[in-house]
Amino acid sequence: WQAALVPAYLHFLRPEAPFWRGTKTILTIHNLAFQGRFASRLFFTSGLPPESWGMDGAEFWGDFNLLKAGIAYADLVTTVSPSYALEILFKQCGCGLEGILTKRSFNLRGILNGADYAVWDPANDKHLPCTYNPEDLAGKELCKRNLLAELGMKKRLSKRPVLGFIGRLRRQKGIDLLIEILPRLMDMDLGVVVLGEGNLEFEARLMDLVERYPGRLGVRIGYTEDLAHRIQAASDIFLMPSRYEPCGLTQIYALRFGTPPVATAVGGLRDTIVPWPDPAATGFTFAAADPDLFYAAIRDAIDVYSRPDAWRDMVVRAMRADFSWEKAARAYIEVYRELGADI
C-alpha cells in the first residue's frame, strides 16, 4: 500500500500536465489485508483533490485508505493469482474493499507469482546434504535421514511419512488447525516437522506437544533459509492449511522439491496444485479451513504414499510443474501491452 497513491496522483495530474498524459498505471495487490488506513485529517495534507474523497475514492468508513485510492484510480489492478482475484470480490476475502474491487472488476487481473528456481531447486541446492532430481530421487531419502538426525527425531521415521510445515504461526496460515489434529496424526505413526514463529500461544502449544511426542514432532521456532530448504527436501508431504493465501510460494517450492502439498483450496493454492484424484495430481486439497477436512486430506495423502509407484508418479509430476518467473513475466508483458505499451 505504500506506493498505492501513485495511480491516484497521476490520475489527477494528467489533465494539467501533458508530459504525463499518456502514462498508464498498474497497481499490484499482494495481500488485501494490508491497506494503509489512516485518520481522515491526513487526506487533507496528501495533495489529492477534494473530489477524490468519497465512496468511489480514497475515503473508507471515514478514514483515508491509501490502497483503496490506488484501486480506484489505477488503469489496471493486478493481484498475485487468478483465484485470489475472484475471491477478493466477495466479503469473505475482500477485507472491506470488495465494493470498489467489484466496481473495477473489468480492470482486475490475476497473475501467479513465480519461483526462483536458481535458488529453490533440489538439483542444485547448496543447502542440502545431497541433491536429487525427478530421474534420481535417492538424494531425497538421504535428506530425510539427515534432517531426522538434525532435529533429534526417531530413526525409524525414515521409513514412515514425514509431514512438514513452514510458515508464520498465525491463524491465517492455519497453524491452529495443525495443532488441533496433531494428536490424531501421532496415532498414525508418522513424523511432523514445524518451522516458524508468530503467535506466542501457538509457539507454547507446539513446544508442549514436543514434550508429549518426543522424537516424532520436531519444532524450530524462528526461521532460517537453510533449514527451510532442508525441510522442503526431507519432508514427504507439505502442509499448508491457510485460511486465505493470495498466492503462496512455499507450496510452489514443495512441488519442485518433490513434496506433494496438502493445502486448502484457496487463492494461489488452488491455482498451483492439481488435486488428487485427478490423474495429473500433484497434491491434495480440501475445501475449507476445517480440522476434519484437513485431517481427511492428510489421510488421503498417506494412503497414496503407501503405494510406492503411485506416490513416485505424483512426486515426479510435482517436480516437473513449472511456475517460473519467465511464465509470470510473459503474463505481465501481456498486461502492459493491454495498456498500449510497446514491448
# chains A, B, ... in the order shown; residues from 1 in each chain; ligands from 1
call {"tool": "residues_around", "arguments": {"residues": "A:Asn199", "least_positions_apart": "3", "cutoff": "6 Å", "atoms": "only C-alpha atoms", "output": "ChimeraX atom specification"}}
result
/A:169-170,202
call {"tool": "residues_around", "arguments": {"residues": "A:Leu148", "least_positions_apart": "6", "cutoff": "8 Å", "atoms": "only C-alpha atoms", "output": "list in words"}}
result
Lys154, Lys155, Leu157 and Ser158 of chain A
call {"tool": "write_last_selection", "arguments": {"atoms": "C-alpha atoms", "output": "mmCIF file, in the first residue's frame"}}
result
data_model
loop_
_atom_site.group_PDB
_atom_site.id
_atom_site.type_symbol
_atom_site.label_atom_id
_atom_site.label_comp_id
_atom_site.auth_asym_id
_atom_site.auth_seq_id
_atom_site.Cartn_x
_atom_site.Cartn_y
_atom_site.Cartn_z
ATOM 1 C CA LYS A 154 13.456 -41.185 15.675
ATOM 2 C CA LYS A 155 15.490 -43.007 13.010
ATOM 3 C CA LEU A 157 10.701 -42.339 10.737
ATOM 4 C CA SER A 158 12.958 -42.598 7.687
#
call {"tool": "residues_around", "arguments": {"residues": "A:Leu249", "least_positions_apart": "4", "cutoff": "8 Å", "atoms": "only C-alpha atoms", "output": "list in words"}}
result
Asn113, Gly114, Ala115 and Tyr253 of chain A
call {"tool": "select_by_dssp", "arguments": {"residues": "stretch 113-264 of chain A", "states": "alpha helix (DSSP H)", "output": "number ranges by chain"}}
result
A: 138-150, 175-186, 200-212, 225-234, 250-256
call {"tool": "residues_around", "arguments": {"residues": "A:Gln92", "least_positions_apart": "3", "cutoff": "12 Å", "atoms": "only C-alpha atoms", "output": "list in words"}}
result
Leu32, Ala33, Tyr84, Leu86, Glu87, Ile88, Leu89, Cys95, Gly96, Leu97, Glu98, Arg243, Tyr244 and Val266 of chain A
call {"tool": "write_last_selection", "arguments": {"atoms": "C-alpha atoms", "output": "mmCIF file, in the first residue's frame"}}
result
data_model
loop_
_atom_site.group_PDB
_atom_site.id
_atom_site.type_symbol
_atom_site.label_atom_id
_atom_site.label_comp_id
_atom_site.auth_asym_id
_atom_site.auth_seq_id
_atom_site.Cartn_x
_atom_site.Cartn_y
_atom_site.Cartn_z
ATOM 1 C CA LEU A 32 -5.500 -7.086 0.656
ATOM 2 C CA ALA A 33 -5.393 -7.160 4.455
ATOM 3 C CA TYR A 84 -7.438 -14.581 -5.379
ATOM 4 C CA LEU A 86 -12.009 -13.648 -7.835
ATOM 5 C CA GLU A 87 -12.072 -14.195 -4.059
ATOM 6 C CA ILE A 88 -11.443 -10.532 -3.206
ATOM 7 C CA LEU A 89 -14.670 -9.546 -4.974
ATOM 8 C CA CYS A 95 -11.304 -7.028 3.628
ATOM 9 C CA GLY A 96 -13.955 -4.329 3.227
ATOM 10 C CA LEU A 97 -12.787 -3.377 -0.278
ATOM 11 C CA GLU A 98 -14.988 -5.794 -2.203
ATOM 12 C CA ARG A 243 -7.453 -19.692 5.619
ATOM 13 C CA TYR A 244 -6.578 -17.473 2.680
ATOM 14 C CA VAL A 266 -7.938 -21.111 -1.716
#
call {"tool": "atom_distance", "arguments": {"atom1": "atom CA of A:Asp63", "atom2": "atom CA of A:Gly110"}}
result
27.6 Å
call {"tool": "closest_residue", "arguments": {"among": "A:Val262, A:Val193, A:Leu101, A:Ile71", "to": "A:Arg299", "atoms": "only C-alpha atoms"}}
result
A:Val262
call {"tool": "closest_residue", "arguments": {"among": "A:Trp325, A:Trp276, A:Phe238, A:Tyr117", "to": "A:Pro261", "atoms": "only C-alpha atoms"}}
result
A:Phe238
call {"tool": "residues_around", "arguments": {"residues": "stretch 67-70 of chain A", "least_positions_apart": "2", "cutoff": "9 Å", "atoms": "only C-alpha atoms", "output": "JSON, numbers by chain"}}
result
{"A": [1, 2, 3, 4, 5, 6, 7, 8, 27, 29, 32, 34, 35, 36, 37, 52, 53, 56, 57, 58, 59, 60, 64, 65, 72, 73, 74, 77, 97, 100, 101]}
call {"tool": "residues_around", "arguments": {"residues": "A:Arg109", "least_positions_apart": "6", "cutoff": "9 Å", "atoms": "only C-alpha atoms", "output": "list in words"}}
result
Leu76, Val77, Thr78, Thr79, Val80, Ser81, Pro82, Ala85 and Val335 of chain A
call {"tool": "residues_around", "arguments": {"residues": "stretch 222-231 of chain A", "least_positions_apart": "6", "cutoff": "10 Å", "atoms": "only C-alpha atoms", "output": "short mmCIF file (atom, residue, chain, number, x, y, z; two decimals) with C-alpha atoms, in the first residue's frame"}}
result
data_model
loop_
_atom_site.label_atom_id
_atom_site.label_comp_id
_atom_site.auth_asym_id
_atom_site.auth_seq_id
_atom_site.Cartn_x
_atom_site.Cartn_y
_atom_site.Cartn_z
CA VAL A 119 17.58 -20.84 -5.59
CA TRP A 120 14.76 -23.33 -4.98
CA ASP A 121 15.68 -26.48 -6.91
CA PRO A 122 16.93 -29.69 -5.27
CA ASP A 125 20.60 -26.60 -3.88
CA LYS A 126 23.67 -25.66 -1.85
CA HIS A 127 21.74 -26.03 1.43
CA LEU A 128 21.11 -29.77 1.02
CA PRO A 129 23.40 -32.62 2.07
CA CYS A 130 22.59 -34.32 -1.23
CA LYS A 140 15.70 -37.12 -1.08
CA CYS A 143 18.00 -35.55 3.07
CA LYS A 144 15.23 -37.10 5.15
CA ASN A 146 19.87 -36.17 7.85
CA LEU A 147 17.01 -33.90 8.95
CA LEU A 148 15.67 -36.51 11.36
CA VAL A 162 7.20 -37.11 7.48
CA LEU A 163 4.97 -34.04 7.22
CA GLY A 164 6.45 -30.56 7.01
CA PHE A 165 5.04 -27.11 7.84
CA ILE A 166 6.91 -23.84 7.20
CA GLY A 167 5.16 -20.54 7.83
CA ARG A 168 4.11 -17.85 10.25
CA LEU A 169 2.45 -19.29 13.35
CA VAL A 193 8.32 -31.00 11.40
CA VAL A 194 7.37 -27.34 12.01
CA LEU A 195 9.43 -24.24 11.28
CA GLY A 196 8.07 -20.77 12.02
CA GLU A 197 7.39 -18.05 14.53
CA GLY A 198 4.49 -15.78 15.38
CA GLU A 203 4.56 -21.37 19.92
CA PHE A 238 3.97 -30.47 2.84
CA THR A 250 6.13 -22.47 -0.15
CA TYR A 253 8.83 -24.79 -3.61
CA ALA A 254 7.35 -28.02 -2.19
CA PHE A 257 11.27 -30.48 -4.10
CA THR A 259 6.97 -32.93 -1.58
#
call {"tool": "select_by_dssp", "arguments": {"residues": "stretch 153-182 of chain A", "states": "strand (DSSP E or B)", "output": "ChimeraX atom specification"}}
result
/A:162-166,169
call {"tool": "write_last_selection", "arguments": {"atoms": "C-alpha atoms", "output": "JSON list (two decimals), in the first residue's frame"}}
result
[["chain", "number", "residue", "atom", "x", "y", "z"],
["A", 162, "VAL", "CA", 7.20, -37.11, 7.48],
["A", 163, "LEU", "CA", 4.97, -34.04, 7.22],
["A", 164, "GLY", "CA", 6.45, -30.56, 7.01],
["A", 165, "PHE", "CA", 5.04, -27.11, 7.84],
["A", 166, "ILE", "CA", 6.91, -23.84, 7.20],
["A", 169, "LEU", "CA", 2.45, -19.29, 13.35]]
call {"tool": "atom_distance", "arguments": {"atom1": "atom CA of A:Arg312", "atom2": "atom CA of A:Gly191"}}
result
19.5 Å
